[in-house]
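One structure is given below, encoded as structure tokens.
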Number of protein chains: 2
Amino acid sequence: MISGDALPSWNDGATKRAILEFVARVSDDGGPDFVPVEERIAVFDNDGTLWPEQPMPTQLVFALDRVKQLAPSHPDWKGRQPFKSVLEGDLRARAAGGERGIAEILAATHAGNTSEEFTAIVERWIDSVRHPRYERPYPEVVYQPMLEVLRLMRANRFRTFIVSGGGVEFMRPWAERAYGIPPEQVIGSRARLRYEVRSGKPVLTRQPEVELVDNKAGKPVGIAQVIGRRPIAAFGNSDGDFEMLEWTTAAKGRRLGVIVHHTDAVREWAYDRDYGFAPLARGLLEAPERGWTVVDMKRDWKLVFGFQR
Amino acid sequence: MISGDALPSWNDGATKRAILEFVARVSDDGGPDFVPVEERIAVFDNDGTLWPEQPMPTQLVFALDRVKQLAPSHPDWKGRQPFKSVLEGDLRARAAGGERGIAEILAATHAGNTSEEFTAIVERWIDSVRHPRYERPYPEVVYQPMLEVLRLMRANRFRTFIVSGGGVEFMRPWAERAYGIPPEQVIGSRARLRYEVRSGKPVLTRQPEVELVDNKAGKPVGIAQVIGRRPIAAFGNSDGDFEMLEWTTAAKGRRLGVIVHHTDAVREWAYDRDYGFAPLARGLLEAPERGWTVVDMKRDWKLVFGFQR
């Protein structure tokens with residue numbers, strides 16, 4: 001099933017070979033590593049694995065823009081942290097708010113709407129903004145080598161799922177366009193939803209409460225809830241993906257765990273254990289003993305983005 | 001796409017026509033009611049819609065059997081309700097325990113295991129017991145006319161999902177065999193899961209806490225969480241399915257809402273508003289004004305089960 005070069009944006013070497021061999025072996029009917037089509041599930045983290053998470057995760061950019069949009073109806077925000085810093089554009093002070101500040105910003109900007117309203121808000125936003133460094137719409141700023149992996153797997157009858165710490169209703173509106181991944185194959189963190197009938201019209205409203213944090217130990221939980229099967233391949237880039245790779249590769253049979261290591265300060269960014277939003281330390285340390293493949297972005301990727309061709 | 005008689009177990013009449021016409025129209029490329037393939041989502045309640053829920057819901061039979069299995073390690077149950085009645089086989093006393101008693105029985109019999117252990121328990125049980133009236137394994141005691149609807153829809157590139165108040169991990173082990181519905185297309189009530197590593201082996205353990213009651217207003221929520229699209233067809237049989245039918249049929253475009261009305265005391269059972277586990281009253285009352293199709297089991301179904309041929 002694998003003809004020509006299925007991964008043209010990957011340099012030849014051990015990393016590329018590991019991915020190609022895995023796909024070839026599990027698809028080889030009659031071979032010792034064959035996996036039936038219905039079990040060919042591959043899961044992909046999003047931020048830092050399929051698209052950049054620098055200079056900050058895209059959903060946080062969205063949330064900060066929402067604070068500015070919503071500010072006129074929240075006059076108290078002018079004098080209240082963390083909103084005050086956001087409105088004044090003071091990034092350092094905002095960063096000092098840390099996780100608690102971010103959680104407060106997410107809660108204030110992600111709840112209250114119906115699911116349909118929120119989807120429309122995300123669609124308008126994603127079409128109106130550009131990535132600050134690459135100056136293109138975010139859905140175009142996606143890793144070309146990873147698009148090729150998604151395509152290779154689907155050509156070999158894998159189903160490809162996103163399993164991200166990001167919000168599921170933030171990703172679904174554009175994931176199909178960016179990655180060819182339909183809404184029902186997007187798993188993410190989620191707000192509690194409430195069904196209600198408003199003047200005769202049923203709606204689902206987003207509650208100010210997170211039902212699932214689809215990160216770390218939450219990733220295998222999200223996978224079990226939605227897919228109900230254990231994946232055979234998992235791709236991540238931070239320790240938020242550790243348990244997903246562990247869960248995937250601990251099962252019997254041929255399995256693939258891949259960590260994208262950001263080593264390319266020229267074409268993208270170089271970072272790992274010191275990245276506050278999503279550090280990578282344990283994954284790098286344990287990858288060899290666990291048999292996980294580490295992508296060295298600088299060395300393994302011929303190009304990072306399709307528009308760089 | 002619809003050739004010959006796609007619904008041979010349905011008597012000719014308005015009900016059969018409504019289903020056939022709906023499928024034909026939304027699949028008619030170029031017609032006014034055409035729906036693209038990716039939006040062709042149909043949702044089906046399970047208990048009472050795809051298989052019987054009499055003399056009591058199958059998952060409750062399972063839970064009562066589990067009480068007996070687990071009793072040796074719970075000596076206190078002999079003197080404690082609702083377990084005492086279950087162990088003494090006193091159905092009336094048990095029924096008196098009502099919803100609270102049932103919830104207690106479900107909690108005691110459905111938590112504590114890992115997901116994999118629970119799956120194995122369900123598999124062993126479902127293969128070892130028989131339906132008390134039809135004396136066949138439960139996965140064979142399924143409505144033949146509904147199997148034909150599932151097949152007809154899939155032949156027209158619908159994806160068919162179960163959306164049931166039953167437990168998702170109770171249904172997934174046998175839903176593919178019984179209905180051709182794979183695990184990732186089964187949505188149900190779910191226990192909270194916790195990921196942990198036990199002596200080096202990662203497991204998901206079922207917590208004694210229900211995270212989603214996938215019934216009534218919980219059904220559209222479950223659909224939004226897992227599918228992220230609004231279905232275009234919904235089949236149910238009780239008021240537990242009301243909101244799912246409402247959510248499905250309130251959207252613009254051609255939609256199908258179907259209620260299976262149990263009217264056949266000879267071949268199956270005749271019941272509706274007085275069935276304690278899952279009454280049907282509001283659905284019957286409002287079906288005409290909402291344009292929902294009501295299946296009269298006695299009149300519309302040529303046969304109920306395939307084994308009755």
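Residue numbering restarts at 1 in every chain; chains get A, B, ... in the order shown in the structure tokens, and ligands count up from 1 in that same order.
Contacts from chain A to chain B at a cut-off of 6 Å (only C-alpha atoms) map to Pro183, Glu184, Tyr195, Ala217, Val226, Ile227 and Gly228 of chain A.
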Restricting it to N, CA and C atoms, dump the selection as a PDB file, in the first residue's frame.
ATOM      1  N   PRO A 183     -15.388  16.537  12.766  1.00  0.00           N
ATOM      2  CA  PRO A 183     -15.717  16.862  14.165  1.00  0.00           C
ATOM      3  C   PRO A 183     -15.776  15.650  15.083  1.00  0.00           C
ATOM      4  N   GLU A 184     -16.303  14.534  14.596  1.00  0.00           N
ATOM      5  CA  GLU A 184     -16.484  13.359  15.462  1.00  0.00           C
ATOM      6  C   GLU A 184     -15.161  12.663  15.735  1.00  0.00           C
ATOM      7  N   TYR A 195     -28.667  21.287  28.068  1.00  0.00           N
ATOM      8  CA  TYR A 195     -29.712  21.354  27.054  1.00  0.00           C
ATOM      9  C   TYR A 195     -30.880  22.137  27.609  1.00  0.00           C
ATOM     10  N   ALA A 217      -3.303  12.601  32.356  1.00  0.00           N
ATOM     11  CA  ALA A 217      -4.125  11.409  32.580  1.00  0.00           C
ATOM     12  C   ALA A 217      -5.524  11.546  32.001  1.00  0.00           C
ATOM     13  N   VAL A 226     -14.754   8.400  24.178  1.00  0.00           N
ATOM     14  CA  VAL A 226     -15.257   8.708  22.836  1.00  0.00           C
ATOM     15  C   VAL A 226     -15.016   7.555  21.861  1.00  0.00           C
ATOM     16  N   ILE A 227     -13.829   6.958  21.896  1.00  0.00           N
ATOM     17  CA  ILE A 227     -13.508   5.926  20.901  1.00  0.00           C
ATOM     18  C   ILE A 227     -13.844   4.537  21.442  1.00  0.00           C
ATOM     19  N   GLY A 228     -13.526   4.308  22.707  1.00  0.00           N
ATOM     20  CA  GLY A 228     -13.807   2.983  23.278  1.00  0.00           C
ATOM     21  C   GLY A 228     -12.886   1.892  22.763  1.00  0.00           C
TER      22      GLY A 228
END
If you run DSSP on the backbone, which residues of stretch 162-248 of chain A are strand (DSSP E), as a ChimeraX atom specification?
/A:162-167,186-198,201-212,233-236
Please produce a file of the residues just selected, as a short mmCIF file (atom, residue, chain, number, x, y, z; two decimals), in the first residue's frame, where the atoms kept are N, CA and C atoms.
data_model
loop_
_atom_site.label_atom_id
_atom_site.label_comp_id
_atom_site.auth_asym_id
_atom_site.auth_seq_id
_atom_site.Cartn_x
_atom_site.Cartn_y
_atom_site.Cartn_z
N ILE A 162 -7.76 13.71 16.63
CA ILE A 162 -7.07 14.69 17.47
C ILE A 162 -7.44 14.40 18.92
N VAL A 163 -6.45 14.38 19.81
CA VAL A 163 -6.70 14.27 21.25
C VAL A 163 -5.87 15.36 21.91
N SER A 164 -6.54 16.46 22.23
CA SER A 164 -5.84 17.68 22.59
C SER A 164 -6.32 18.24 23.92
N GLY A 165 -5.40 18.91 24.63
CA GLY A 165 -5.81 19.66 25.81
C GLY A 165 -6.67 20.86 25.44
N GLY A 166 -6.63 21.27 24.20
CA GLY A 166 -7.46 22.40 23.73
C GLY A 166 -8.93 22.06 23.79
N GLY A 167 -9.77 23.08 23.70
CA GLY A 167 -11.21 22.87 23.79
C GLY A 167 -11.75 22.20 22.53
N VAL A 186 -12.53 14.57 16.76
CA VAL A 186 -11.81 15.55 17.57
C VAL A 186 -12.21 15.37 19.02
N ILE A 187 -11.22 15.05 19.86
CA ILE A 187 -11.44 14.90 21.29
C ILE A 187 -10.65 16.01 21.97
N GLY A 188 -11.27 16.69 22.92
CA GLY A 188 -10.57 17.78 23.59
C GLY A 188 -11.14 18.04 24.96
N SER A 189 -10.59 19.04 25.62
CA SER A 189 -11.19 19.47 26.88
C SER A 189 -12.58 20.00 26.57
N ARG A 190 -13.48 19.86 27.54
CA ARG A 190 -14.83 20.32 27.23
C ARG A 190 -15.50 20.97 28.42
N ALA A 191 -16.27 21.99 28.10
CA ALA A 191 -17.13 22.63 29.08
C ALA A 191 -18.34 21.73 29.31
N ARG A 192 -18.93 21.79 30.51
CA ARG A 192 -20.19 21.11 30.71
C ARG A 192 -21.24 21.79 29.83
N LEU A 193 -22.07 20.99 29.17
CA LEU A 193 -23.13 21.53 28.32
C LEU A 193 -24.48 21.32 29.00
N ARG A 194 -25.38 22.26 28.80
CA ARG A 194 -26.75 22.06 29.30
C ARG A 194 -27.74 22.24 28.17
N TYR A 195 -28.67 21.29 28.07
CA TYR A 195 -29.71 21.35 27.05
C TYR A 195 -30.88 22.14 27.61
N GLU A 196 -31.35 23.11 26.86
CA GLU A 196 -32.55 23.82 27.30
C GLU A 196 -33.33 24.32 26.10
N VAL A 197 -34.61 24.60 26.31
CA VAL A 197 -35.45 25.10 25.24
C VAL A 197 -35.74 26.57 25.52
N ARG A 198 -35.23 27.44 24.63
CA ARG A 198 -35.42 28.89 24.79
C ARG A 198 -36.43 29.38 23.77
N LYS A 201 -37.01 27.05 21.06
CA LYS A 201 -35.87 26.58 20.28
C LYS A 201 -34.87 25.87 21.18
N PRO A 202 -34.60 24.59 20.90
CA PRO A 202 -33.63 23.89 21.75
C PRO A 202 -32.21 24.35 21.49
N VAL A 203 -31.46 24.54 22.56
CA VAL A 203 -30.04 24.93 22.45
C VAL A 203 -29.22 24.16 23.48
N LEU A 204 -27.93 24.09 23.22
CA LEU A 204 -26.97 23.58 24.20
C LEU A 204 -26.15 24.77 24.67
N THR A 205 -26.18 25.04 25.97
CA THR A 205 -25.41 26.19 26.47
C THR A 205 -24.16 25.72 27.20
N ARG A 206 -23.09 26.47 26.99
CA ARG A 206 -21.80 26.15 27.58
C ARG A 206 -21.76 26.68 29.02
N GLN A 207 -21.57 25.77 29.97
CA GLN A 207 -21.56 26.14 31.38
C GLN A 207 -20.15 26.54 31.81
N PRO A 208 -20.05 27.38 32.86
CA PRO A 208 -18.71 27.80 33.32
C PRO A 208 -18.06 26.74 34.19
N GLU A 209 -17.95 25.54 33.63
CA GLU A 209 -17.42 24.43 34.40
C GLU A 209 -16.77 23.48 33.40
N VAL A 210 -15.55 23.06 33.68
CA VAL A 210 -14.85 22.16 32.77
C VAL A 210 -15.18 20.73 33.17
N GLU A 211 -15.73 19.96 32.22
CA GLU A 211 -16.11 18.58 32.54
C GLU A 211 -14.94 17.62 32.36
N LEU A 212 -14.12 17.88 31.35
CA LEU A 212 -12.95 17.03 31.12
C LEU A 212 -11.76 17.91 30.75
N ALA A 233 -1.32 3.92 17.63
CA ALA A 233 -0.26 4.91 17.37
C ALA A 233 -0.65 6.22 18.03
N ALA A 234 0.35 6.88 18.63
CA ALA A 234 0.09 8.16 19.30
C ALA A 234 1.24 9.12 19.03
N PHE A 235 0.89 10.37 18.73
CA PHE A 235 1.87 11.43 18.45
C PHE A 235 1.64 12.58 19.41
N GLY A 236 2.70 13.02 20.08
CA GLY A 236 2.59 14.15 20.98
C GLY A 236 3.86 14.97 20.97
#
If you count only C-alpha atoms, which residues fall within 12 Å of stretch 78-80 of chain A, apart from same-chain ones fewer than 5 positions away, as a PyMOL selection string?
chain A and resi 67-68+70-73+85-89+94+97+101+104-105
Per DSSP on the backbone, filter stretch 6-103 of chain B down to the residues in alpha helix (DSSP H) and report them as a PyMOL selection string.
chain B and resi 14-26+58-70+83-88+91-96+98-103
Restricting the calculation to only C-alpha atoms, which member of B:Arg255, B:His74, B:Arg273, B:Lys16 is positioned closest to B:Trp292?
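Ranked by minimum distance to B:Trp292, first place goes to B:Arg255.
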So which one's closest to B:Gln308, B:Leu60, B:Arg40, B:Gln144, B:Phe22? Using only C-alpha atoms, please.
B:Gln144
Do a neighbour search on A:Arg267 at 10 Å with only C-alpha atoms, toss out local chain neighbours closer than 2 positions, and write the hits as a tab-separated table (two decimals) with N, CA and C atoms, in the first residue's frame.
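What follows is the written file result_30.tsv:
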chain	number	residue	atom	x	y	z
A	263	THR	N	13.28	21.53	17.91
A	263	THR	CA	14.73	21.78	17.95
A	263	THR	C	15.15	22.81	16.91
A	264	ASP	N	14.18	23.47	16.31
A	264	ASP	CA	14.48	24.27	15.12
A	264	ASP	C	14.18	25.75	15.36
A	265	ALA	N	15.18	26.45	15.93
A	265	ALA	CA	14.97	27.86	16.29
A	265	ALA	C	14.91	28.76	15.06
A	269	TRP	N	10.59	26.95	16.43
A	269	TRP	CA	11.14	27.34	17.73
A	269	TRP	C	11.93	26.16	18.30
A	270	ALA	N	12.83	26.45	19.21
A	270	ALA	CA	13.55	25.38	19.91
A	270	ALA	C	13.22	25.51	21.39
A	297	MET	N	13.02	17.94	14.96
A	297	MET	CA	12.41	18.77	13.92
A	297	MET	C	13.44	19.34	12.94
A	298	LYS	N	14.56	19.82	13.49
A	298	LYS	CA	15.57	20.46	12.65
A	298	LYS	C	16.21	19.46	11.68
A	303	LEU	N	11.03	20.32	5.33
A	303	LEU	CA	10.43	21.64	5.51
A	303	LEU	C	9.39	21.53	6.63
A	304	VAL	N	9.08	22.66	7.24
A	304	VAL	CA	8.17	22.66	8.39
A	304	VAL	C	6.74	22.96	7.94
A	305	PHE	N	6.61	23.98	7.07
A	305	PHE	CA	5.27	24.38	6.60
A	305	PHE	C	5.21	24.28	5.08
A	308	GLN	N	6.43	27.16	2.89
A	308	GLN	CA	7.86	27.45	2.79
A	308	GLN	C	8.49	26.85	1.53
With distances taken over only C-alpha atoms, which residue among B:Gly98, B:Pro231, B:Gly306, B:Gln54 lies nearest B:Glu39?
B:Pro231
I'd like the interatomic distance between atom CA of A:Pro279 and atom CA of A:Asp239, to a tenth of an Å.
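Computed distance, atom CA of A:Pro279 to atom CA of A:Asp239, equals 6.1 Å.
As for atom CA of B:Val295 and atom CA of B:Ile102, they are spaced 29.8 Å apart.
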